[in-house]
>>> print(open('work-v3.csv').read())   # CSV, C-alpha atoms
chain,number,residue,atom,x,y,z
A,1,MET,CA,0.0,0.0,0.0
A,2,LEU,CA,2.7,2.5,1.0
A,3,HIS,CA,4.9,1.4,-1.8
A,4,ARG,CA,2.2,2.5,-4.3
A,5,PHE,CA,2.4,6.1,-3.0
A,6,ALA,CA,6.2,6.1,-2.7
A,7,ASN,CA,6.4,6.5,-6.4
A,8,PRO,CA,7.0,10.3,-7.1
A,9,ALA,CA,5.3,10.2,-10.5
A,10,ARG,CA,2.2,8.6,-9.1
A,11,PHE,CA,2.2,11.0,-6.2
A,12,LEU,CA,2.4,14.0,-8.5
A,13,ARG,CA,-0.6,12.7,-10.5
A,14,ILE,CA,-2.7,12.2,-7.3
A,15,ALA,CA,-1.6,15.6,-6.0
A,16,ARG,CA,-2.5,17.4,-9.2
A,17,TRP,CA,-6.0,15.9,-8.9
A,18,VAL,CA,-6.4,16.6,-5.1
A,19,VAL,CA,-5.1,20.2,-5.0
A,20,PRO,CA,-8.0,21.9,-6.8
A,21,TRP,CA,-10.6,20.0,-4.7
A,22,SER,CA,-9.0,20.6,-1.4
A,23,ALA,CA,-8.3,24.2,-2.2
A,24,SER,CA,-11.9,24.9,-3.2
A,25,LEU,CA,-13.4,23.0,-0.3
A,26,GLY,CA,-11.1,24.9,2.0
A,27,LEU,CA,-12.2,28.3,0.5
A,28,VAL,CA,-15.9,27.5,0.7
A,29,SER,CA,-15.8,26.1,4.3
A,30,GLY,CA,-13.5,28.9,5.3
A,31,ALA,CA,-15.8,31.6,3.9
A,32,ALA,CA,-18.8,29.9,5.6
A,33,GLY,CA,-16.9,29.4,8.9
A,34,LEU,CA,-15.7,33.0,9.0
A,35,TYR,CA,-19.2,34.4,8.2
A,36,LEU,CA,-20.8,32.2,10.8
A,37,GLY,CA,-18.0,32.8,13.3
A,38,LEU,CA,-17.8,36.5,13.0
A,39,ALA,CA,-21.3,37.5,12.2
A,40,GLY,CA,-23.8,34.6,12.2
A,41,SER,CA,-23.1,33.2,15.7
A,42,PRO,CA,-24.1,34.4,19.2
A,43,ALA,CA,-21.7,36.0,21.7
A,44,ASP,CA,-20.8,33.8,24.7
A,45,TYR,CA,-22.7,34.3,27.9
A,46,GLN,CA,-19.4,35.1,29.8
A,47,GLN,CA,-16.7,36.0,27.3
A,48,GLY,CA,-18.9,38.1,25.0
A,49,ASP,CA,-17.5,38.6,21.5
A,50,THR,CA,-14.0,37.4,22.7
A,51,VAL,CA,-15.3,33.9,22.1
A,52,ARG,CA,-14.9,34.5,18.3
A,53,ILE,CA,-11.1,34.2,18.7
A,54,MET,CA,-11.8,30.5,19.4
A,55,TYR,CA,-12.8,29.9,15.7
A,56,VAL,CA,-9.2,30.6,14.7
A,57,HIS,CA,-7.4,29.5,17.8
A,58,VAL,CA,-8.8,26.0,18.2
A,59,PRO,CA,-8.5,24.8,14.6
A,60,ALA,CA,-5.0,26.2,14.5
A,61,ALA,CA,-4.1,24.3,17.7
A,62,TRP,CA,-5.7,21.1,16.3
A,63,MET,CA,-3.8,21.4,13.0
A,64,ALA,CA,-0.5,22.2,14.9
A,65,LEU,CA,-0.9,18.7,16.5
A,66,ALA,CA,-2.1,17.0,13.3
A,67,ALA,CA,0.8,18.5,11.3
A,68,TYR,CA,3.3,17.2,13.9
A,69,ALA,CA,1.7,13.7,13.8
A,70,THR,CA,1.9,13.8,10.0
A,71,MET,CA,5.5,14.9,10.2
A,72,ALA,CA,6.4,12.2,12.7
A,73,LEU,CA,4.7,9.5,10.7
A,74,ALA,CA,6.4,10.5,7.5
A,75,SER,CA,9.7,10.6,9.4
A,76,ALA,CA,9.2,7.1,10.8
A,77,VAL,CA,8.3,5.8,7.3
A,78,ALA,CA,11.5,7.5,6.0
A,79,LEU,CA,13.7,6.0,8.7
A,80,ILE,CA,12.3,2.5,8.5
A,81,TRP,CA,11.3,1.9,4.8
A,82,LYS,CA,13.5,4.6,3.2
A,83,HIS,CA,10.8,5.8,0.9
A,84,PRO,CA,12.1,8.7,-1.2
A,85,LEU,CA,9.0,10.8,-0.7
A,86,ALA,CA,8.6,10.4,3.0
A,87,ASP,CA,11.5,12.7,3.9
A,88,LEU,CA,10.2,15.4,1.6
A,89,ILE,CA,6.7,15.1,3.1
A,90,ALA,CA,8.1,15.4,6.6
A,91,LYS,CA,10.3,18.4,5.6
A,92,SER,CA,7.4,20.1,3.8
A,93,THR,CA,5.1,19.7,6.9
A,94,ALA,CA,7.4,21.5,9.3
A,95,PRO,CA,6.9,25.1,8.3
A,96,ILE,CA,3.2,24.7,8.0
A,97,GLY,CA,2.9,23.1,11.4
A,98,ALA,CA,5.2,25.8,12.9
A,99,THR,CA,2.9,28.5,11.5
A,100,PHE,CA,-0.2,26.8,12.9
A,101,THR,CA,1.5,26.6,16.3
A,102,ALA,CA,2.5,30.3,16.2
A,103,ILE,CA,-1.1,31.2,15.2
A,104,ALA,CA,-2.5,29.2,18.1
A,105,LEU,CA,0.0,30.8,20.6
A,106,ILE,CA,-0.7,34.4,19.4
A,107,THR,CA,-4.5,34.1,19.2
A,108,GLY,CA,-4.4,32.3,22.6
A,109,ALA,CA,-2.5,35.3,24.1
A,110,LEU,CA,-5.0,37.7,22.5
A,111,TRP,CA,-7.9,35.7,24.1
A,112,GLY,CA,-6.1,35.3,27.5
A,113,GLN,CA,-5.6,39.0,28.1
A,114,PRO,CA,-9.4,39.9,28.2
A,115,THR,CA,-10.5,36.5,29.6
A,116,TRP,CA,-7.9,35.5,32.2
A,117,GLY,CA,-6.3,38.9,32.7
A,118,THR,CA,-2.9,37.9,31.4
A,119,TRP,CA,-1.3,37.3,28.0
A,120,TRP,CA,0.8,34.4,29.1
A,121,VAL,CA,1.2,32.0,32.0
A,122,TRP,CA,3.6,29.1,32.4
A,123,ASP,CA,1.0,26.5,32.9
A,124,ALA,CA,1.3,22.9,31.5
A,125,ARG,CA,-0.8,23.5,28.3
A,126,LEU,CA,0.8,26.7,27.2
A,127,THR,CA,4.3,25.6,28.0
A,128,SER,CA,3.9,22.3,26.2
A,129,VAL,CA,2.6,24.1,23.1
A,130,LEU,CA,5.5,26.5,23.2
A,131,ILE,CA,7.8,23.4,23.3
A,132,LEU,CA,6.0,22.2,20.2
A,133,LEU,CA,6.9,25.4,18.4
A,134,PHE,CA,10.5,24.9,19.4
A,135,LEU,CA,10.4,21.4,18.1
A,136,TYR,CA,9.3,22.6,14.7
A,137,VAL,CA,11.9,25.3,14.6
A,138,GLY,CA,14.6,22.9,15.8
A,139,TYR,CA,13.5,20.4,13.1
A,140,LEU,CA,13.9,23.0,10.4
A,141,ALA,CA,17.2,24.2,11.8
A,142,LEU,CA,18.5,20.6,11.8
A,143,TRP,CA,17.6,20.2,8.1
A,144,ASN,CA,19.7,23.2,7.3
A,145,ALA,CA,22.6,22.3,9.5
A,146,PHE,CA,23.9,19.5,7.3
A,147,ASP,CA,25.4,19.8,3.8
A,148,ASP,CA,24.4,16.2,3.0
A,149,PRO,CA,20.6,16.0,2.6
A,150,THR,CA,20.6,12.3,3.4
A,151,ARG,CA,22.2,12.8,6.8
A,152,ALA,CA,20.1,15.9,7.4
A,153,ALA,CA,17.0,13.9,6.7
A,154,ARG,CA,18.0,11.2,9.1
A,155,ALA,CA,18.9,13.5,12.0
A,156,ALA,CA,15.7,15.6,11.5
A,157,ALA,CA,13.6,12.4,11.4
A,158,VAL,CA,15.0,11.2,14.7
A,159,LEU,CA,14.2,14.6,16.3
A,160,ALA,CA,10.7,14.5,14.9
A,161,LEU,CA,10.2,11.1,16.5
A,162,VAL,CA,11.6,12.1,19.8
A,163,GLY,CA,9.2,15.1,19.9
A,164,VAL,CA,6.2,12.8,19.5
A,165,VAL,CA,6.3,12.4,23.3
A,166,ASN,CA,5.0,16.0,23.5
A,167,LEU,CA,1.8,15.3,21.7
A,168,PRO,CA,-0.1,13.3,24.4
A,169,ILE,CA,1.4,15.8,27.0
A,170,ILE,CA,-0.2,18.7,25.1
A,171,LYS,CA,-3.5,16.9,24.7
A,172,PHE,CA,-3.9,15.6,28.2
A,173,SER,CA,-2.0,18.4,30.1
A,174,VAL,CA,-5.3,20.0,31.0
A,175,ASP,CA,-6.6,16.7,32.5
A,176,TRP,CA,-3.4,15.6,34.3
A,177,TRP,CA,-2.5,18.8,36.1
A,178,ASN,CA,-4.2,21.9,37.3
A,179,THR,CA,-3.8,24.4,34.5
A,180,LEU,CA,-5.2,27.8,33.8
A,181,HIS,CA,-6.2,26.7,30.3
A,182,GLN,CA,-9.7,25.1,30.3
A,183,PRO,CA,-10.1,21.3,29.5
A,184,ALA,CA,-11.2,20.1,26.2
A,185,SER,CA,-14.7,21.2,25.0
A,186,VAL,CA,-15.1,19.2,21.8
A,187,LEU,CA,-13.0,16.0,21.8
A,188,LYS,CA,-14.1,14.8,25.2
A,189,ILE,CA,-16.0,11.9,26.7
A,190,GLY,CA,-19.7,12.8,27.0
A,191,GLY,CA,-19.9,15.0,23.9
A,192,PRO,CA,-19.0,18.6,23.3
A,193,THR,CA,-19.9,21.3,25.8
A,194,ILE,CA,-20.2,24.0,23.1
A,195,HIS,CA,-23.6,25.2,22.0
A,196,PRO,CA,-24.4,23.9,18.4
A,197,ALA,CA,-24.6,27.5,17.2
A,198,MET,CA,-20.9,27.9,18.1
A,199,LEU,CA,-19.8,24.3,17.3
A,200,THR,CA,-20.9,24.7,13.6
A,201,PRO,CA,-18.6,27.6,12.7
A,202,LEU,CA,-15.8,25.9,14.8
A,203,LEU,CA,-16.1,22.7,12.8
A,204,LEU,CA,-16.3,24.6,9.5
A,205,MET,CA,-13.1,26.5,10.3
A,206,ALA,CA,-11.5,23.2,11.3
A,207,LEU,CA,-12.3,21.7,7.9
A,208,ALA,CA,-11.0,24.9,6.2
A,209,PHE,CA,-7.7,24.6,8.1
A,210,LEU,CA,-7.4,20.9,7.3
A,211,CYS,CA,-8.0,21.6,3.6
A,212,TYR,CA,-5.5,24.5,3.7
A,213,PHE,CA,-3.0,22.2,5.3
A,214,ILE,CA,-3.5,19.4,2.7
A,215,THR,CA,-3.3,21.9,-0.2
A,216,LEU,CA,-0.2,23.6,1.1
A,217,LEU,CA,1.5,20.3,1.9
A,218,LEU,CA,0.9,18.9,-1.6
A,219,LEU,CA,2.2,22.1,-3.2
A,220,ARG,CA,5.3,22.2,-1.0
A,221,VAL,CA,6.1,18.5,-1.8
A,222,ARG,CA,5.7,19.3,-5.5
A,223,GLY,CA,8.1,22.1,-5.1
A,224,GLU,CA,10.6,19.9,-3.2
A,225,LEU,CA,10.4,17.2,-5.9
A,226,ALA,CA,11.1,19.9,-8.6
A,227,ALA,CA,14.0,21.2,-6.6
A,228,ARG,CA,15.4,17.7,-6.2
A,229,LYS,CA,15.1,17.1,-10.0
A,230,LEU,CA,16.8,20.4,-10.6
A,231,ARG,CA,19.7,19.5,-8.4
A,232,ALA,CA,20.1,16.1,-10.1
A,233,LEU,CA,20.1,17.8,-13.5
A,234,GLN,CA,22.7,20.4,-12.5
A,235,ALA,CA,24.9,17.6,-11.0
A,236,ALA,CA,24.6,15.6,-14.3
A,237,ARG,CA,25.5,18.7,-16.3
A,238,ALA,CA,28.5,19.5,-14.1
A,239,GLU,CA,29.8,16.0,-14.6
A,240,GLY,CA,29.0,15.9,-18.4
B,241,MET,CA,15.2,-10.6,10.1
B,242,THR,CA,15.4,-8.2,7.3
B,243,ARG,CA,17.0,-4.8,7.8
B,244,LYS,CA,13.6,-3.0,7.4
B,245,ARG,CA,12.2,-5.2,10.2
B,246,ARG,CA,15.2,-4.4,12.4
B,247,ARG,CA,14.8,-0.7,11.8
B,248,LEU,CA,11.1,-0.9,12.6
B,249,PHE,CA,11.9,-2.6,15.9
B,250,VAL,CA,14.6,-0.1,16.8
B,251,VAL,CA,12.2,2.8,16.2
B,252,LEU,CA,9.4,1.2,18.2
B,253,LEU,CA,11.7,0.2,21.0
B,254,GLY,CA,13.2,3.7,21.1
B,255,MET,CA,9.8,5.3,21.2
B,256,ALA,CA,8.6,3.0,23.9
B,257,THR,CA,11.7,3.7,26.1
B,258,LEU,CA,11.3,7.4,25.5
B,259,GLY,CA,7.6,7.3,26.4
B,260,ILE,CA,8.3,5.5,29.7
B,261,ALA,CA,11.1,7.9,30.5
B,262,ALA,CA,8.9,10.9,29.9
B,263,ALA,CA,6.1,9.4,32.0
B,264,LEU,CA,8.5,8.8,34.9
B,265,VAL,CA,9.9,12.3,34.7
B,266,LEU,CA,6.4,13.9,34.5
B,267,PHE,CA,5.2,11.7,37.4
B,268,ALA,CA,8.2,12.7,39.5
B,269,PHE,CA,7.8,16.4,38.8
B,270,GLU,CA,4.0,16.4,39.3
B,271,ASP,CA,4.2,19.0,42.1
B,272,ASN,CA,6.0,21.4,39.9
B,273,LEU,CA,3.8,21.0,36.9
B,274,VAL,CA,0.6,22.0,38.6
B,275,PHE,CA,-0.2,25.6,38.0
B,276,PHE,CA,-2.0,26.2,41.3
B,277,TYR,CA,-2.8,24.4,44.5
B,278,SER,CA,-6.4,23.9,45.8
B,279,PRO,CA,-7.2,25.2,49.3
B,280,SER,CA,-7.0,21.5,50.5
B,281,ASP,CA,-3.5,21.2,49.0
B,282,VAL,CA,-2.5,24.4,50.8
B,283,ALA,CA,-3.7,22.9,54.1
B,284,GLU,CA,-2.1,19.5,53.5
B,285,ARG,CA,1.2,20.8,52.4
B,286,GLU,CA,1.7,23.1,55.4
B,287,ILE,CA,2.9,25.9,53.2
B,288,LYS,CA,4.9,28.5,55.2
B,289,PRO,CA,3.8,32.1,55.3
B,290,GLY,CA,5.8,34.2,52.9
B,291,GLN,CA,6.3,31.4,50.4
B,292,ARG,CA,5.0,32.5,46.9
B,293,ILE,CA,2.4,30.1,45.6
B,294,ARG,CA,-0.8,30.1,43.4
B,295,VAL,CA,-4.1,29.0,44.8
B,296,GLY,CA,-7.1,28.2,42.7
B,297,GLY,CA,-10.7,27.4,43.3
B,298,LEU,CA,-14.3,28.6,43.0
B,299,VAL,CA,-15.2,31.9,44.5
B,300,GLU,CA,-17.6,31.1,47.4
B,301,ALA,CA,-21.1,32.5,47.1
B,302,ALA,CA,-21.7,35.7,49.2
B,303,SER,CA,-18.1,35.8,50.4
B,304,LEU,CA,-17.0,38.9,48.4
B,305,GLN,CA,-16.4,41.9,50.7
B,306,ARG,CA,-15.3,45.3,49.4
B,307,THR,CA,-13.6,47.8,51.7
B,308,PRO,CA,-15.4,51.2,51.2
B,309,ALA,CA,-13.3,53.8,49.4
B,310,SER,CA,-10.4,51.4,48.8
B,311,PRO,CA,-9.6,48.9,46.1
B,312,GLU,CA,-9.1,46.2,48.7
B,313,VAL,CA,-11.4,43.2,48.4
B,314,SER,CA,-11.6,39.9,50.2
B,315,PHE,CA,-13.3,36.7,49.2
B,316,ALA,CA,-13.1,33.0,49.8
B,317,VAL,CA,-12.1,30.3,47.3
B,318,THR,CA,-13.2,26.8,47.8
B,319,ASP,CA,-12.6,23.3,46.4
B,320,MET,CA,-15.8,22.1,48.0
B,321,ARG,CA,-13.8,20.5,50.9
B,322,ARG,CA,-11.9,23.5,52.3
B,323,SER,CA,-12.0,27.2,51.7
B,324,LEU,CA,-9.4,29.9,52.0
B,325,LYS,CA,-9.8,33.6,52.6
B,326,ILE,CA,-8.1,35.7,49.9
B,327,VAL,CA,-7.3,39.4,50.4
B,328,TYR,CA,-6.5,41.4,47.2
B,329,THR,CA,-5.8,45.0,46.5
B,330,GLY,CA,-6.4,45.8,42.8
B,331,ILE,CA,-8.7,45.5,39.9
B,332,LEU,CA,-10.4,42.1,39.6
B,333,PRO,CA,-10.7,40.6,36.1
B,334,ASP,CA,-14.0,41.0,34.1
B,335,LEU,CA,-14.9,37.4,34.5
B,336,PHE,CA,-14.6,37.5,38.3
B,337,ARG,CA,-17.8,36.7,40.0
B,338,GLU,CA,-19.1,34.4,42.8
B,339,GLY,CA,-19.1,30.8,41.6
B,340,GLN,CA,-16.4,31.6,39.0
B,341,GLY,CA,-13.0,29.7,39.0
B,342,ILE,CA,-10.0,31.9,39.8
B,343,VAL,CA,-6.3,31.5,40.3
B,344,ALA,CA,-4.6,33.9,42.8
B,345,GLU,CA,-0.8,34.3,43.1
B,346,GLY,CA,0.6,35.5,46.4
B,347,THR,CA,1.7,34.5,49.9
B,348,LEU,CA,0.0,33.1,53.0
B,349,ARG,CA,-0.2,35.6,55.9
B,350,PRO,CA,0.6,34.4,59.4
B,351,ASP,CA,-3.1,34.7,60.3
B,352,GLY,CA,-4.0,32.1,57.7
B,353,ALA,CA,-5.4,34.4,55.0
B,354,PHE,CA,-3.9,34.5,51.6
B,355,GLU,CA,-2.6,37.8,50.3
B,356,ALA,CA,-2.9,37.9,46.5
B,357,ARG,CA,-0.7,40.0,44.3
B,358,SER,CA,-2.5,39.0,41.2
B,359,VAL,CA,-5.9,37.4,40.5
B,360,LEU,CA,-6.6,35.6,37.2
B,361,ALA,CA,-10.0,34.4,36.1
B,362,LYS,CA,-10.3,30.8,34.9
B,363,HIS,CA,-12.6,30.0,32.1
B,364,ASP,CA,-14.3,26.6,31.9
B,365,GLU,CA,-15.0,24.4,28.9
B,366,ASN,CA,-18.6,25.5,28.5
B,367,TYR,CA,-19.6,27.9,25.7
B,368,MET,CA,-23.1,29.0,25.0
B,369,PRO,CA,-25.1,32.1,24.0
B,370,PRO,CA,-26.5,34.2,26.9
B,371,GLU,CA,-30.1,33.3,26.2
B,372,VAL,CA,-29.3,29.6,26.6
B,373,ALA,CA,-27.5,30.3,29.9
B,374,ASP,CA,-30.5,32.3,31.1
B,375,SER,CA,-33.0,29.6,30.1
B,376,LEU,CA,-30.9,26.9,31.8
B,377,LYS,CA,-30.9,29.0,34.9
B,378,ARG,CA,-34.7,29.5,34.7
B,379,ALA,CA,-35.3,25.8,34.1
B,380,GLY,CA,-33.3,25.0,37.2
B,381,VAL,CA,-30.9,22.7,35.3
B,382,TRP,CA,-28.0,25.2,35.6
B,383,GLN,CA,-25.1,23.1,36.9
B,384,HIS,CA,-21.9,24.6,35.4
B,385,ARG,CA,-20.8,26.5,38.5
B,386,GLU,CA,-22.4,24.4,41.2
B,387,PRO,CA,-20.8,22.2,43.9
B,388,GLN,CA,-20.3,19.1,41.6
B,389,GLN,CA,-17.2,20.8,40.3
B,390,ASP,CA,-13.8,20.4,41.7
B,391,ALA,CA,-11.3,23.1,42.3
B,392,SER,CA,-10.0,23.2,38.8
B,393,GLY,CA,-13.4,23.9,37.4
B,394,LYS,CA,-13.7,20.5,35.8
B,395,ALA,CA,-17.1,18.8,36.2
B,396,ARG,CA,-16.9,15.5,38.0
B,397,PRO,CA,-18.4,12.6,36.1
>>> encode(input="work-v3.csv", output="C-alpha cells")
Amino acid sequence: MLHRFANPARFLRIARWVVPWSASLGLVSGAAGLYLGLAGSPADYQQGDTVRIMYVHVPAAWMALAAYATMALASAVALIWKHPLADLIAKSTAPIGATFTAIALITGALWGQPTWGTWWVWDARLTSVLILLFLYVGYLALWNAFDDPTRAARAAAVLALVGVVNLPIIKFSVDWWNTLHQPASVLKIGGPTIHPAMLTPLLLMALAFLCYFITLLLLRVRGELAARKLRALQAARAEG
Amino acid sequence: MTRKRRRLFVVLLGMATLGIAAALVLFAFEDNLVFFYSPSDVAEREIKPGQRIRVGGLVEAASLQRTPASPEVSFAVTDMRRSLKIVYTGILPDLFREGQGIVAEGTLRPDGAFEARSVLAKHDENYMPPEVADSLKRAGVWQHREPQQDASGKARP
C-alpha cells in the first residue's frame, strides 16, 4: 500500500487531482466558517465577543498537533522503509505546522488577556505548546545544519520522532494537572460542551484549516520534488 | 530478520523507552507541573507564610467583601472541601464573580489568610449564548458552576 504512493510520478498525478478539490473545499468552508463565526453566531454568555477568537485558535491548535503527527509518521516511514517521498513530506510539513502553532499561541494570548487577565502564564498546556513550536523550529534548523541531505533527513527524522512524546502531553495536560487553560470542549467523553450555534462555525473552520494544510503540503512537496530534480540535472550537467 | 524489520523494531523500542522515561519524569515532577494548589493542597502541604504560591478554586457565594473607598477586596475560594480567605488590592478581572473559578498568586499571611498579588479568572469548557444560559438557569438545570465541580473547574463525572 505504502509502496504505491512512494512513487513520485504517481504522487504527482494524485496531488494534481487533489489540490483543486482541497483548495476549493477549504475556500468554501473557510468563507462559511468566517461568516458564521464573526457575524452569524451568538456571543458567549461570559466572554462576550471574545469567544470568536476560538474559531481561529482551536482549529490552528488542532492542526498544529495534526501536522506534527503527519511529520512524525512520515519521518518514521522514511527511517524504516527509506521511501524517497517520506523525507520530503516530513520536511514540507514542518513550516506549515510551525505556522499553525504560532497562530495558536498568538491568538491564545489575545484571548487570554481579556478573559484570564494575562497574556501568558507558564501552565502545562501553554508551555507544552511552546515546546511544540521549538520542536518545529529545531527540526527546520537541523535540516539546514547539514550539507548532505541524506544525513540531514535522518537527524531531523530522529528529532521528529523524539518530539512525539510531547503530543499526548499537550492533549492531556489539562486533565493531568491543574492548569489555567480550560479542559477540552469538543473532543471529550460525554460529547461537546459547546452550544451547536458555536460548534458549527468551529467545525467549518477546522475543515477549512485541514484543507488548507493538505493543499499547502501537496504544493510544497511538489516544489521539493522539482528542486530535487533540478539538483540532479545540475549535477549531471556539471559532470558531463 | 530483514533490515527493514530491524529498523522498525529499533524505532518502536526507542519510542517506547522514550515514552516510559517521559512518563516517569512527569510523574516525579508532578508537584512542579501543577499551575496552582487547591485550598486543600495548601492545608495538607503546610505551606509556610511568605512562600509564593498560586491558589485556585471557585469563589464562594456571598463571600465577596469590598472595603469602602479602597480597592481592597476579600473573598473565599473553595474546592468544596476546604475554603481559603483571599485578600487582594487591585482590579479584579472581568470574569470575576461568585461561583467563578479563579487563580490567585501571592503568599499566606501568618493569620492564615492569603494575600494575593494578582488574580486571574479561569474559564471553563462551557460555551453558550447568553439566552441559553438564562433559560438553563430559569429551568433549574444550571449546573456549570455548582458544587459538583472540583477546584480546577472540571465537572466531575
>>> atom_distance(input="work-v3.csv", atom1="CA of Gly341 (chain B)", atom2="CA of Ala64 (chain A)")
28.2 Å
>>> closest_residue(input="work-v3.csv", among="B:Phe276, B:Tyr328, B:Phe336, B:Phe354", to="chain A", atoms="only C-alpha atoms")
B:Phe276
>>> interface_residues(input="work-v3.csv", of="chain A", to="chain B", cutoff="7 Å", atoms="only C-alpha atoms", output="list in words")
Pro42, Ala43, Asp44, Tyr45, Gln46, Ile80, Trp81, Thr115, Trp116, Gly117, Asp123, Ala124, Val165, Trp177, Asn178, Thr179, Leu180, Gln182, Pro183, Ala184, Ser185, Thr193, Ile194 and His195 of chain A
>>> residues_around(input="work-v3.csv", residues="Arg16 (chain A)", least_positions_apart="4", cutoff="12 Å", atoms="all atoms listed in the file", output="number ranges by chain")
A: 9-12, 20-23, 215, 218-219, 221-222
>>> write_last_selection(input="work-v3.csv", atoms="C-alpha atoms", output="PDB file, keeping the file's coordinate frame")
ATOM      1  CA  ALA A   9       5.300  10.200 -10.500  1.00  0.00           C
ATOM      2  CA  ARG A  10       2.200   8.600  -9.100  1.00  0.00           C
ATOM      3  CA  PHE A  11       2.200  11.000  -6.200  1.00  0.00           C
ATOM      4  CA  LEU A  12       2.400  14.000  -8.500  1.00  0.00           C
ATOM      5  CA  PRO A  20      -8.000  21.900  -6.800  1.00  0.00           C
ATOM      6  CA  TRP A  21     -10.600  20.000  -4.700  1.00  0.00           C
ATOM      7  CA  SER A  22      -9.000  20.600  -1.400  1.00  0.00           C
ATOM      8  CA  ALA A  23      -8.300  24.200  -2.200  1.00  0.00           C
ATOM      9  CA  THR A 215      -3.300  21.900  -0.200  1.00  0.00           C
ATOM     10  CA  LEU A 218       0.900  18.900  -1.600  1.00  0.00           C
ATOM     11  CA  LEU A 219       2.200  22.100  -3.200  1.00  0.00           C
ATOM     12  CA  VAL A 221       6.100  18.500  -1.800  1.00  0.00           C
ATOM     13  CA  ARG A 222       5.700  19.300  -5.500  1.00  0.00           C
TER      14      ARG A 222
END
>>> residues_near_point(input="work-v3.csv", point="(-20.5, 30.6, 43.9)", cutoff="8 Å", atoms="all atoms listed in the file", output="PyMOL selection string")
chain B and resi 298-302+337-340+385-386
>>> atom_distance(input="work-v3.csv", atom1="CA of Arg220 (chain A)", atom2="CA of Pro201 (chain A)")
28.1 Å
>>> atom_distance(input="work-v3.csv", atom1="CA of Gly37 (chain A)", atom2="CA of Leu216 (chain A)")
23.5 Å
>>> axis_aligned_box(input="work-v3.csv", around="region 296-314 of chain B", padding_each_side="5 Å", output="lines of an AutoDock Vina configuration file")
center_x = -14.4
center_y = 40.6
center_z = 47.2
size_x = 24.6
size_y = 36.4
size_z = 19.0
>>> residues_around(input="work-v3.csv", residues="Tyr55 (chain A)", least_positions_apart="2", cutoff="8 Å", atoms="only C-alpha atoms", output="PyMOL selection string")
chain A and resi 33-34+37+51-53+57-59+201-202+205
